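Text of target.cif, listed as mmCIF, C-alpha atoms:
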```cif
data_structure
loop_
_atom_site.label_atom_id
_atom_site.label_comp_id
_atom_site.auth_asym_id
_atom_site.auth_seq_id
_atom_site.Cartn_x
_atom_site.Cartn_y
_atom_site.Cartn_z
CA MET A 100 13.45 0.52 24.28
CA ALA A 101 9.98 1.85 24.99
CA ILE A 102 7.69 4.11 22.99
CA THR A 103 8.37 7.64 24.23
CA ALA A 104 6.06 10.59 24.81
CA LEU A 105 7.34 12.20 21.61
CA ASP A 106 6.37 9.08 19.65
CA TRP A 107 2.89 9.23 21.14
CA ILE A 108 2.59 12.90 20.14
CA VAL A 109 3.43 11.98 16.53
CA ILE A 110 0.93 9.09 16.45
CA ILE A 111 -1.91 11.05 18.09
CA GLY A 112 -1.10 14.03 15.86
CA TYR A 113 -1.53 11.77 12.82
CA PHE A 114 -4.99 10.63 14.00
CA VAL A 115 -6.07 14.21 14.74
CA ALA A 116 -4.84 15.40 11.32
CA MET A 117 -6.92 12.72 9.57
CA LEU A 118 -10.05 13.73 11.49
CA LEU A 119 -9.50 17.44 10.77
CA LEU A 120 -9.07 16.60 7.09
CA GLY A 121 -12.45 14.87 7.03
CA PHE A 122 -14.18 17.76 8.81
CA TYR A 123 -12.57 20.30 6.46
CA PHE A 124 -13.80 18.58 3.30
CA SER A 125 -17.25 18.07 4.76
CA THR A 126 -17.79 21.80 4.10
CA LYS A 127 -16.47 21.63 0.51
CA ASN A 128 -18.79 19.04 -1.00
CA LYS A 129 -21.71 20.71 -2.82
CA SER A 130 -23.25 17.72 -4.61
CA THR A 131 -23.39 13.93 -4.69
CA GLU A 132 -20.80 13.92 -7.48
CA ASP A 133 -18.47 16.07 -5.35
CA TYR A 134 -18.87 13.66 -2.45
CA MET A 135 -18.47 10.43 -4.43
CA LEU A 136 -16.11 11.41 -7.27
CA GLY A 137 -14.53 14.70 -6.24
CA GLY A 138 -16.53 16.54 -8.91
CA ARG A 139 -14.78 14.50 -11.68
CA ASN A 140 -12.05 17.12 -11.85
CA MET A 141 -9.36 16.07 -9.41
CA SER A 142 -5.59 16.44 -9.76
CA PRO A 143 -4.01 13.42 -11.52
CA TRP A 144 -0.96 13.32 -9.25
CA LYS A 145 -3.10 13.31 -6.10
CA VAL A 146 -5.47 10.64 -7.40
CA GLY A 147 -2.48 8.62 -8.69
CA LEU A 148 -0.90 8.61 -5.23
CA SER A 149 -4.30 7.70 -3.81
CA LEU A 150 -4.59 4.69 -6.12
CA PHE A 151 -1.09 3.58 -5.14
CA ALA A 152 -1.80 3.99 -1.40
CA THR A 153 -5.10 2.16 -1.76
CA MET A 154 -3.55 -0.95 -3.27
CA PHE A 155 -0.38 -0.85 -1.14
CA SER A 156 -1.35 -1.96 2.36
CA ALA A 157 0.65 -2.36 5.57
CA VAL A 158 1.00 -6.06 4.73
CA SER A 159 3.09 -5.11 1.67
CA TYR A 160 4.94 -2.41 3.61
CA LEU A 161 6.11 -4.92 6.22
CA SER A 162 6.61 -7.98 4.06
CA MET A 163 8.71 -6.56 1.21
CA PRO A 164 11.91 -5.97 3.23
CA GLY A 165 11.58 -9.56 4.51
CA GLU A 166 11.16 -10.83 0.94
CA MET A 167 14.41 -9.09 -0.02
CA ILE A 168 16.21 -10.67 2.92
CA LYS A 169 14.93 -14.15 2.09
CA TYR A 170 14.97 -14.16 -1.72
CA GLY A 171 17.21 -11.33 -2.88
CA PRO A 172 17.00 -9.13 -6.00
CA MET A 173 14.71 -11.56 -7.83
CA ILE A 174 11.79 -9.72 -6.22
CA TRP A 175 12.61 -6.80 -8.55
CA SER A 176 11.42 -8.93 -11.47
CA SER A 177 7.93 -7.53 -10.89
CA LEU A 178 9.15 -4.08 -11.98
CA PHE A 179 9.57 -5.31 -15.57
CA ALA A 180 5.81 -5.89 -15.79
CA LEU A 181 4.90 -2.28 -14.94
CA PRO A 182 5.42 -0.71 -18.43
CA PHE A 183 3.21 -3.38 -20.04
CA ILE A 184 0.56 -2.93 -17.35
CA TYR A 185 0.51 0.81 -18.01
CA LEU A 186 0.11 0.36 -21.78
CA VAL A 187 -2.83 -2.04 -21.44
CA VAL A 188 -4.65 -0.03 -18.76
CA ALA A 189 -3.94 3.44 -20.21
CA TYR A 190 -4.73 2.67 -23.85
CA CYS A 191 -7.32 -0.12 -23.64
CA PHE A 192 -9.25 0.23 -20.39
CA ILE A 193 -9.20 3.92 -19.51
CA PRO A 194 -10.49 5.32 -22.86
CA TYR A 195 -13.39 2.87 -22.83
CA ILE A 196 -14.36 3.48 -19.20
CA MET A 197 -14.06 7.28 -19.48
CA ARG A 198 -16.56 7.35 -22.37
CA LEU A 199 -19.24 5.97 -20.08
CA LYS A 200 -20.99 8.29 -17.65
CA ILE A 201 -21.02 5.78 -14.83
CA THR A 202 -20.16 6.02 -11.13
CA SER A 203 -19.74 2.32 -10.37
CA ALA A 204 -17.74 -0.31 -12.23
CA TYR A 205 -20.72 -2.64 -12.08
CA GLU A 206 -23.13 -0.25 -13.79
CA LEU A 207 -21.44 -1.38 -17.00
CA LEU A 208 -22.74 -4.93 -16.48
CA GLU A 209 -26.28 -3.66 -16.07
CA THR A 210 -25.96 -1.56 -19.24
CA LYS A 211 -24.64 -4.44 -21.34
CA LEU A 212 -26.48 -7.32 -19.66
CA ASP A 213 -29.04 -6.84 -16.87
CA ILE A 214 -29.49 -5.87 -13.23
CA ARG A 215 -28.89 -9.42 -11.98
CA ASN A 216 -25.35 -9.50 -13.35
CA ARG A 217 -24.62 -6.12 -11.78
CA ILE A 218 -25.87 -7.29 -8.38
CA VAL A 219 -23.85 -10.53 -8.49
CA ALA A 220 -20.63 -8.71 -9.43
CA ALA A 221 -21.19 -6.03 -6.78
CA ILE A 222 -21.77 -8.69 -4.11
CA TYR A 223 -18.53 -10.45 -5.08
CA PHE A 224 -16.66 -7.16 -4.86
CA LEU A 225 -18.18 -6.21 -1.51
CA THR A 226 -17.47 -9.65 -0.01
CA MET A 227 -13.85 -9.55 -1.15
CA ARG A 228 -13.25 -6.00 0.07
CA ILE A 229 -14.89 -6.54 3.47
CA VAL A 230 -12.72 -9.61 4.09
CA TRP A 231 -9.67 -7.71 2.77
CA MET A 232 -10.32 -4.80 5.17
CA ALA A 233 -10.74 -7.23 8.06
CA VAL A 234 -7.40 -8.88 7.26
CA ILE A 235 -5.66 -5.50 7.15
CA ILE A 236 -7.04 -4.45 10.55
CA TYR A 237 -6.16 -7.84 12.07
CA MET A 238 -2.65 -7.89 10.58
CA VAL A 239 -1.73 -4.41 11.73
CA SER A 240 -3.30 -4.47 15.18
CA GLU A 241 -2.59 -8.02 16.41
CA LYS A 242 0.57 -8.88 14.49
CA VAL A 243 2.32 -5.49 14.36
CA ILE A 244 1.14 -2.70 16.68
CA VAL A 245 0.49 -4.82 19.78
CA PRO A 246 3.83 -6.74 19.64
CA ILE A 247 5.80 -3.54 18.93
CA MET A 248 4.14 -1.74 21.84
CA GLY A 249 4.54 -4.75 24.13
CA TRP A 250 0.84 -4.70 25.00
CA PRO A 251 -1.26 -7.75 26.02
CA ASP A 252 -2.86 -9.64 23.13
CA GLU A 253 -6.39 -8.62 24.15
CA THR A 254 -5.62 -4.95 23.40
CA ALA A 255 -5.62 -5.81 19.67
CA LEU A 256 -9.41 -5.41 19.70
CA LEU A 257 -9.15 -1.86 21.07
CA VAL A 258 -6.47 -0.95 18.48
CA SER A 259 -8.71 -2.31 15.70
CA ILE A 260 -11.69 -0.29 16.96
CA VAL A 261 -9.67 2.95 17.12
CA MET A 262 -8.30 2.46 13.59
CA GLY A 263 -11.74 1.60 12.25
CA VAL A 264 -13.62 4.42 13.98
CA VAL A 265 -11.14 7.16 12.97
CA THR A 266 -11.12 5.91 9.36
CA VAL A 267 -14.92 5.73 9.15
CA ILE A 268 -15.29 9.25 10.58
CA TYR A 269 -12.94 11.08 8.21
CA THR A 270 -14.06 9.00 5.22
CA SER A 271 -17.78 9.53 5.78
CA PHE A 272 -17.47 13.24 6.61
CA GLY A 273 -15.13 14.27 3.82
CA GLY A 274 -16.12 11.90 1.01
CA PHE A 275 -13.82 11.11 -1.90
CA LYS A 276 -11.80 14.32 -1.66
CA SER A 277 -10.97 13.52 1.94
CA VAL A 278 -9.98 9.96 0.99
CA VAL A 279 -7.67 11.16 -1.79
CA LEU A 280 -5.92 13.88 0.20
CA SER A 281 -5.52 11.62 3.23
CA ASP A 282 -3.97 9.02 0.90
CA VAL A 283 -1.48 11.66 -0.30
CA VAL A 284 -0.53 12.49 3.30
CA GLN A 285 -0.31 8.81 4.19
CA THR A 286 1.89 8.08 1.16
CA ALA A 287 4.27 10.87 2.22
CA ILE A 288 4.48 9.34 5.71
CA LEU A 289 5.09 5.90 4.23
CA PHE A 290 7.90 7.19 1.98
CA SER A 291 9.43 9.18 4.85
CA GLY A 292 9.43 6.22 7.22
CA SER A 293 11.28 4.00 4.73
CA ILE A 294 13.84 6.66 3.81
CA ILE A 295 14.55 7.58 7.45
CA ALA A 296 15.08 3.92 8.39
CA ILE A 297 17.52 3.44 5.47
CA ILE A 298 19.48 6.62 6.34
CA LEU A 299 19.78 5.66 10.00
CA ILE A 300 21.03 2.15 9.19
CA VAL A 301 23.51 3.44 6.59
CA ASN A 302 24.78 5.96 9.14
CA LYS A 303 25.08 3.24 11.80
CA LEU A 304 27.00 0.96 9.41
CA GLU A 305 29.16 3.89 8.23
CA GLY A 306 28.45 3.85 4.51
CA VAL A 307 26.18 2.67 1.72
CA SER A 308 28.73 0.08 0.60
CA ASN A 309 28.38 -1.72 3.93
CA ILE A 310 24.75 -2.67 3.31
CA ILE A 311 25.63 -4.54 0.09
CA PRO A 312 26.62 -8.19 0.71
CA VAL A 313 30.18 -9.00 -0.38
CA GLU A 314 29.05 -12.55 -1.25
CA TRP A 315 25.77 -13.87 -2.64
CA PRO A 316 23.83 -15.06 0.45
CA GLU A 317 22.99 -18.76 0.31
CA GLN A 318 19.26 -18.19 0.89
CA TRP A 319 18.89 -15.82 -2.08
CA ALA A 320 17.26 -17.16 -5.23
CA GLU A 321 19.50 -17.50 -8.26
CA TRP A 322 18.42 -15.76 -11.44
CA LYS A 323 16.20 -18.04 -13.51
CA PHE A 324 14.19 -16.99 -16.53
CA PHE A 325 11.55 -19.68 -16.08
CA ASP A 326 11.24 -22.36 -13.42
CA ALA A 327 7.76 -23.48 -12.42
CA GLN A 328 9.12 -25.15 -9.27
CA ALA A 329 11.08 -22.16 -7.97
CA ARG A 330 9.66 -19.70 -5.43
CA LEU A 331 10.78 -16.85 -7.71
CA SER A 332 11.78 -16.88 -11.36
CA PHE A 333 11.65 -14.00 -13.82
CA LEU A 334 8.85 -14.88 -16.26
CA PRO A 335 6.31 -16.21 -13.71
CA VAL A 336 6.81 -13.12 -11.52
CA VAL A 337 6.33 -10.79 -14.50
CA LEU A 338 3.23 -12.67 -15.72
CA THR A 339 1.55 -12.90 -12.32
CA THR A 340 2.25 -9.23 -11.58
CA PHE A 341 0.86 -8.27 -14.99
CA GLY A 342 -2.25 -10.42 -14.54
CA TRP A 343 -3.01 -9.16 -11.05
CA TYR A 344 -2.62 -5.45 -11.84
CA VAL A 345 -4.53 -5.63 -15.13
CA CYS A 346 -7.42 -7.54 -13.50
CA THR A 347 -7.57 -5.05 -10.63
CA ALA A 348 -7.31 -2.00 -12.91
CA GLY A 349 -10.10 -3.25 -15.15
CA SER A 350 -12.64 -4.53 -12.65
CA ASP A 351 -12.08 -3.17 -9.14
CA GLN A 352 -14.31 -0.31 -8.06
CA MET A 353 -11.44 1.27 -6.10
CA ALA A 354 -9.42 1.66 -9.32
CA ILE A 355 -12.26 2.61 -11.67
CA GLN A 356 -13.59 5.21 -9.24
CA ARG A 357 -10.26 7.00 -9.53
CA TYR A 358 -10.33 7.12 -13.34
CA LEU A 359 -13.80 8.64 -13.12
CA ALA A 360 -12.60 11.27 -10.63
CA THR A 361 -10.43 12.87 -13.33
CA LYS A 362 -11.75 15.10 -16.09
CA ASP A 363 -10.72 13.24 -19.28
CA VAL A 364 -8.77 10.33 -20.76
CA ARG A 365 -5.46 12.20 -20.87
CA THR A 366 -5.70 13.14 -17.19
CA ALA A 367 -6.72 9.62 -16.22
CA ARG A 368 -3.65 8.24 -18.03
CA ARG A 369 -1.39 10.64 -16.17
CA MET A 370 -3.05 9.59 -12.93
CA TYR A 371 -2.37 5.92 -13.60
CA LEU A 372 1.23 6.65 -14.63
CA ASN A 373 1.77 8.43 -11.29
CA SER A 374 0.42 5.36 -9.50
CA ILE A 375 2.71 2.99 -11.42
CA ILE A 376 5.79 5.18 -10.79
CA SER A 377 4.97 5.40 -7.06
CA ASN A 378 4.68 1.64 -6.92
CA ALA A 379 8.08 1.18 -8.60
CA VAL A 380 9.80 3.68 -6.29
CA VAL A 381 8.40 2.13 -3.11
CA THR A 382 9.24 -1.39 -4.30
CA MET A 383 12.87 -0.34 -4.80
CA LEU A 384 12.96 1.61 -1.51
CA LEU A 385 11.64 -1.30 0.55
CA ALA A 386 14.00 -3.72 -1.15
CA ILE A 387 16.92 -1.42 -0.27
CA LEU A 388 15.55 -1.28 3.28
CA GLY A 389 15.60 -5.09 3.29
CA LEU A 390 19.29 -5.02 2.31
CA ALA A 391 19.98 -2.49 5.06
CA LEU A 392 18.15 -4.57 7.69
CA PHE A 393 20.01 -7.69 6.57
CA ALA A 394 23.37 -5.95 7.05
CA TYR A 395 22.31 -4.35 10.36
CA PHE A 396 21.20 -7.59 12.02
CA LYS A 397 24.23 -9.46 10.68
CA MET A 398 26.36 -6.92 12.53
CA TYR A 399 24.16 -7.07 15.65
CA PRO A 400 22.77 -10.66 15.76
CA ASP A 401 22.19 -10.43 19.52
CA LEU A 402 19.30 -8.03 18.81
CA ILE A 403 17.25 -10.79 17.16
CA LEU A 404 14.67 -12.26 19.52
CA ASN A 405 14.48 -15.95 20.51
CA GLY A 406 17.98 -16.72 19.20
CA ASN A 407 16.66 -17.42 15.69
CA SER A 408 18.53 -16.76 12.45
CA ILE A 409 18.07 -13.65 10.31
CA VAL A 410 16.23 -15.68 7.64
CA ASP A 411 13.85 -17.25 10.19
CA GLU A 412 12.95 -13.81 11.55
CA ALA A 413 13.11 -11.93 8.21
CA ASP A 414 9.48 -10.76 8.30
CA SER A 415 9.77 -9.43 11.85
CA LEU A 416 13.07 -7.54 11.48
CA PHE A 417 11.52 -4.28 10.29
CA PRO A 418 9.05 -4.10 13.23
CA ARG A 419 11.95 -5.05 15.53
CA PHE A 420 14.13 -2.27 14.14
CA ILE A 421 11.31 0.25 14.57
CA VAL A 422 11.46 -0.31 18.33
CA ILE A 423 15.20 -0.76 18.93
CA GLY A 424 16.86 1.22 16.13
CA LEU A 425 14.92 4.45 15.74
CA PRO A 426 15.33 7.59 17.91
CA ALA A 427 12.42 9.09 19.83
CA GLY A 428 9.93 10.68 17.45
CA PHE A 429 11.08 8.67 14.44
CA THR A 430 9.61 5.48 15.93
CA GLY A 431 6.28 7.29 16.12
CA LEU A 432 6.66 8.45 12.51
CA VAL A 433 7.28 4.92 11.19
CA LEU A 434 4.42 3.55 13.30
CA ALA A 435 2.26 6.30 11.84
CA GLY A 436 3.47 5.08 8.43
CA LEU A 437 2.20 1.58 9.23
CA LEU A 438 -1.12 2.99 10.36
CA ALA A 439 -1.21 5.19 7.25
CA ALA A 440 -0.62 2.24 4.92
CA SER A 441 -3.53 0.43 6.59
CA MET A 442 -5.94 3.32 6.90
CA SER A 443 -5.46 4.46 3.31
CA SER A 444 -6.61 1.03 2.17
CA LEU A 445 -9.47 1.01 4.68
CA SER A 446 -10.74 4.47 3.70
CA SER A 447 -10.72 3.59 0.01
CA GLY A 448 -12.41 0.26 0.72
CA ILE A 449 -15.15 1.97 2.72
CA ASN A 450 -15.68 4.70 0.12
CA SER A 451 -15.79 2.35 -2.88
CA SER A 452 -18.02 -0.12 -1.05
CA ALA A 453 -20.47 2.68 -0.26
CA MET A 454 -20.42 3.69 -3.93
CA SER A 455 -21.14 0.11 -5.06
CA ILE A 456 -23.97 -0.28 -2.54
#
```

Let me see whether you can do it: turn the structure in this file into structure tokens.
Amino acid sequence: MAITALDWIVIIGYFVAMLLLGFYFSTKNKSTEDYMLGGRNMSPWKVGLSLFATMFSAVSYLSMPGEMIKYGPMIWSSLFALPFIYLVVAYCFIPYIMRLKITSAYELLETKLDIRNRIVAAIYFLTMRIVWMAVIIYMVSEKVIVPIMGWPDETALLVSIVMGVVTVIYTSFGGFKSVVLSDVVQTAILFSGSIIAIILIVNKLEGVSNIIPVEWPEQWAEWKFFDAQARLSFLPVVLTTFGWYVCTAGSDQMAIQRYLATKDVRTARRMYLNSIISNAVVTMLLAILGLALFAYFKMYPDLILNGNSIVDEADSLFPRFIVIGLPAGFTGLVLAGLLAASMSSLSSGINSSAMSI
């Protein structure tokens, strides 16, 4: 199947909407604090969705269904870390950070130590985020969009430029308010794409019960509380998830900027809770999508390219389904979801990097 005119209308409409959003907010910013922190009085649910969208890139969006296919329900172990992450961040980090009238996470190092420590930390952050943004653009353009569209490999550069230019324009015009609201829109598209794909597969397979395996697939990991040699076991997954989220929440400018965009500690806690809940819901949705894709391609194995097995092609089954399994218009919506997952991370990376500089 090819990408239809209706799909193109949806994709181009998404790009135009992002640009209009940036131009709209360019008229609403009255001060530097408005531009960089949304006036420190932004809605907790919007900023919470923005934090979620920022940290949840297209790499996660595409890989999680494949993880479910290859390893099974053990990937849900990470959900058990989320309540503990919330308690540490909401009651240890946020009250301390909100007492300080700072705009950058690394101002704290200058206050407590000296300017050299602030500069070193900011350089580390900027280096990491620039590489991270480059990986996102590369992953989405060369490994996802170009293969799905059936374009030549050299068009990946043009796709990367379009994504980058549109993101830079609406981010630089609209400032932080534009970034947050675009993240909300992009999160809605991301949710919609996952839900639509699940509904269509369930409808094709004639029932929810048909996406649940009747036997435990041989490739799925067995439940283990602790096994240092296993790809997935409960305690290591919980600990690594906890460590990663707590480190990010306590030191990354993209996270700290969002606490500071709310008016007080209570609002910042609500914002972070919204982010954690969004993360849990999407993790469960994409895992269910993985189950649905597993059942769909077991029923239609001839649709898998190169004659490989479902497990061998697990990471490519979602992009494959986008092209062959979605009706006209819905393919464009899910592709827009992939672009949204990437561009939300890019816009936040650009905005927070500018703040740090």

Which residues match the PyMOL selection byres ((chain A and resi 408-419) around 9) in the file above, as a PyMOL selection string? chain A and resi 161-169+243-244+246-247+318+388-389+392-393+396-397+400+402-404+406-407+420-424+434

Expressed in Å, the length from CA of Val278 (chain A) to CA of Leu186 (chain A) is 26.7 Å

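Checking A:Gly349, A:Gly249, A:Pro172, A:Pro426 one by one against Glu321 (chain A), counting all atoms listed in the file, you find the shortest gap at A:Pro172.
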
Exercise: Ala152 (chain A) partners within 9 Å, all atoms listed in the file, chain neighbours under 6 positions left out, as a PDB file with C-alpha atoms, in the frame of the given file:
```pdb
ATOM      1  CA  ASP A 282      -3.970   9.020   0.900  1.00  0.00           C
ATOM      2  CA  VAL A 283      -1.480  11.660  -0.300  1.00  0.00           C
ATOM      3  CA  GLN A 285      -0.310   8.810   4.190  1.00  0.00           C
ATOM      4  CA  THR A 286       1.890   8.080   1.160  1.00  0.00           C
ATOM      5  CA  SER A 374       0.420   5.360  -9.500  1.00  0.00           C
ATOM      6  CA  SER A 377       4.970   5.400  -7.060  1.00  0.00           C
ATOM      7  CA  ASN A 378       4.680   1.640  -6.920  1.00  0.00           C
ATOM      8  CA  ALA A 439      -1.210   5.190   7.250  1.00  0.00           C
ATOM      9  CA  ALA A 440      -0.620   2.240   4.920  1.00  0.00           C
ATOM     10  CA  SER A 441      -3.530   0.430   6.590  1.00  0.00           C
ATOM     11  CA  SER A 443      -5.460   4.460   3.310  1.00  0.00           C
ATOM     12  CA  SER A 444      -6.610   1.030   2.170  1.00  0.00           C
TER      13      SER A 444
END
```

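Proximity ranking of A:Ile449, A:Met383, A:Ala354, A:Leu438 relative to Val146 (chain A) places A:Ala354 first, based on all atoms listed in the file.
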
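Minimum atom-to-atom distances from A:Ile288, A:Leu212, A:Ile196, A:Ile295 to Leu425 (chain A) were compared using only C-alpha atoms, and the lowest value belongs to A:Ile295.
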
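Note that CA of Phe151 (chain A) and CA of Phe114 (chain A) are 20.8 Å apart.
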
Report as a Markdown table: every residue of region 157-235 of chain A with an atom at most 9 Å from region 327-344 of chain A, its closest pair of atoms, and their distance in Å to one decimal, counting all atoms listed in the file, with rows sorted by chain and ascending residue number.
```
| residue | atom | partner | partner_atom | distance |
| --- | --- | --- | --- | --- |
| A:Tyr170 | CA | A:Leu331 | CA | 7.8 |
| A:Met173 | CA | A:Leu331 | CA | 6.6 |
| A:Ile174 | CA | A:Leu331 | CA | 7.4 |
| A:Trp175 | CA | A:Phe333 | CA | 9.0 |
| A:Ser176 | CA | A:Phe333 | CA | 5.6 |
| A:Ser177 | CA | A:Val337 | CA | 5.1 |
| A:Leu178 | CA | A:Val337 | CA | 7.7 |
| A:Phe179 | CA | A:Val337 | CA | 6.5 |
| A:Ala180 | CA | A:Val337 | CA | 5.1 |
| A:Leu181 | CA | A:Phe341 | CA | 7.2 |
| A:Phe183 | CA | A:Phe341 | CA | 7.4 |
| A:Ile184 | CA | A:Phe341 | CA | 5.8 |
```
